[in-house]
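Chemist: The structure follows.
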Amino acid sequence: MAASNAKLRPALQPLHQPSSMLKPVAVGGSRSIFIQTENTPNPDALKFLPNHPILPPGLSSPFIEYLNPRSTLAPPHPSPLAAQLMNIDGITSVFYGADFITVTKATDVNWAHVKPEVFSLITEAVTSGAQIVNITENKSGESNGQEGEEDSLSYNEHDSEVVGMIKELLETRIRPAIQEDGGDIEFRGFEGGNVLLKLRGACRTCDSSTVTLKNGIEGMLMHYIEEVKGVVQVLDQEEEVAMQEFTKFEEKLKQQKGPDAIASTVGKGSLDTVPGSCRIELAAWALITFEGATESEKPFSKAALKSKAILPFDNGISIEV
């Protein structure tokens with residue numbers, strides 16, 4: 001097809017309505033790629049899908065997250081692309097999934113100022129044919145701000161039956177929905193009936209992460225596994241500091257506006273008014289909606305864990321009946 005005709009060809013928009021479908025980039029006149037971008041529930045994070053494998057084959061973890069510039073150069077998984085992305089003013093972290101890249105910016109930075117450079121660097125890295133992530137030996141044993149050593153949801157023969165069920169549910173029902181939102185999830189343990197979890201990628205710094213854990217993940221785990229009494233979010237040191245500062249802000253707000261005042265985001269698209277802002281919340285919302293129905297009226301039951309009745313799809317949850 002002539003180049004003039006190719007420019008007139010309309011781009012097919014995917015069902016999940018990404019923020020943009022970027023046009024193909026020719027490489028040597030014989031190869032082209034599509035790099036698609038998607039918004040995430042976190043306004044400070046964008047998901048890039050280059051239609052190209054991101055993680056090296058054989059990697060035990062389903063993701064790698066770089067939280068500072070040093071981590072992009074340090075073993076065991078240095079990444080020249082992540083180093084370049086982290087060198088952009090305002091970019092705070094880079095997350096690699098199996099086939100997508102999530103880039104997170106500072107809150108005071110405008111995407112219009114940094115997105116073109118992010119897209120350019122990803123395009124250059126993919127079209128060059130070079131490996132995006134290298135594997136080197138980590139002699140020091142330190143993480144250096146790099147997360148994703150091994151898959152916490154993988155089978156372990158020493159796990160109890162309950163922990164095995166928790167991991168299975170997280171792996172098959174919860175992780176796919178969170179990955180669609182540009183993130184991932186880590187299992188950190190099961191103590192006193194509480195499941196300890198850590199959100200990654202776009203979900204790590206998302207304002208709705210607490211709601212996702214409580215209204216989404218906790219509700220689903222408690223529905224299927226009676227031994228689960230709750231979900232606790234594991235925070236890193238810097239995240240604990242941020243949480244403490246937010247608590248101080250809430251207390252100050254209550255002093256100024258009264259005990260009923262809360263720090264909220266009520267309004268169009270808010271988590272306080274719209275159920276299921278994240279995909280995993282939609283699953284729990286559907287589950288709670290039919291909780292009072294009879295078995296014949298329910299679109300799914302506890303047997304759905306085995307029968308694949310709950311399937312995440314682009315705009316929410318598909319219920320098979």
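Labels for the structure tokens follow display order: chains A, B, ..., residues from 1 in each chain, ligands from 1.
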Once DSSP has gone over the backbone, tell me which residues of segment 149-240 of chain A are in strand (DSSP E), as a PyMOL selection string.

Modeler: chain A and resi 183-191+194-201+230-233

Chemist: Restricting the output to C-alpha atoms, write the selected residues as a PDB file, in the first residue's frame.

Modeler:
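Result written to result04.pdb:
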```
ATOM      1  CA  GLY A 183      -0.291  -2.411  38.170  1.00  0.00           C
ATOM      2  CA  ASP A 184       0.196  -5.659  40.015  1.00  0.00           C
ATOM      3  CA  ILE A 185      -0.120  -7.147  43.479  1.00  0.00           C
ATOM      4  CA  GLU A 186       2.197  -8.850  45.951  1.00  0.00           C
ATOM      5  CA  PHE A 187       1.244 -11.324  48.665  1.00  0.00           C
ATOM      6  CA  ARG A 188       3.162 -10.549  51.860  1.00  0.00           C
ATOM      7  CA  GLY A 189       1.603 -13.061  54.248  1.00  0.00           C
ATOM      8  CA  PHE A 190      -1.472 -14.252  56.147  1.00  0.00           C
ATOM      9  CA  GLU A 191      -1.540 -13.372  59.841  1.00  0.00           C
ATOM     10  CA  ASN A 194      -5.583 -10.751  57.741  1.00  0.00           C
ATOM     11  CA  VAL A 195      -4.138 -10.996  54.236  1.00  0.00           C
ATOM     12  CA  LEU A 196      -1.080  -8.740  53.862  1.00  0.00           C
ATOM     13  CA  LEU A 197      -0.850  -7.250  50.367  1.00  0.00           C
ATOM     14  CA  LYS A 198       1.251  -4.718  48.512  1.00  0.00           C
ATOM     15  CA  LEU A 199      -0.005  -2.883  45.420  1.00  0.00           C
ATOM     16  CA  ARG A 200       2.448  -2.060  42.624  1.00  0.00           C
ATOM     17  CA  GLY A 201       2.656   0.070  39.499  1.00  0.00           C
ATOM     18  CA  GLY A 230      -9.666  -8.643  56.371  1.00  0.00           C
ATOM     19  CA  VAL A 231      -6.958  -7.219  54.116  1.00  0.00           C
ATOM     20  CA  VAL A 232      -4.063  -5.054  55.304  1.00  0.00           C
ATOM     21  CA  GLN A 233      -2.012  -2.895  52.959  1.00  0.00           C
TER      22      GLN A 233
END
```

Chemist: Which residues in segment 38-141 of chain A does DSSP call alpha helix (DSSP H)? List them as number ranges by chain.

Modeler: A: 80-86, 111-128
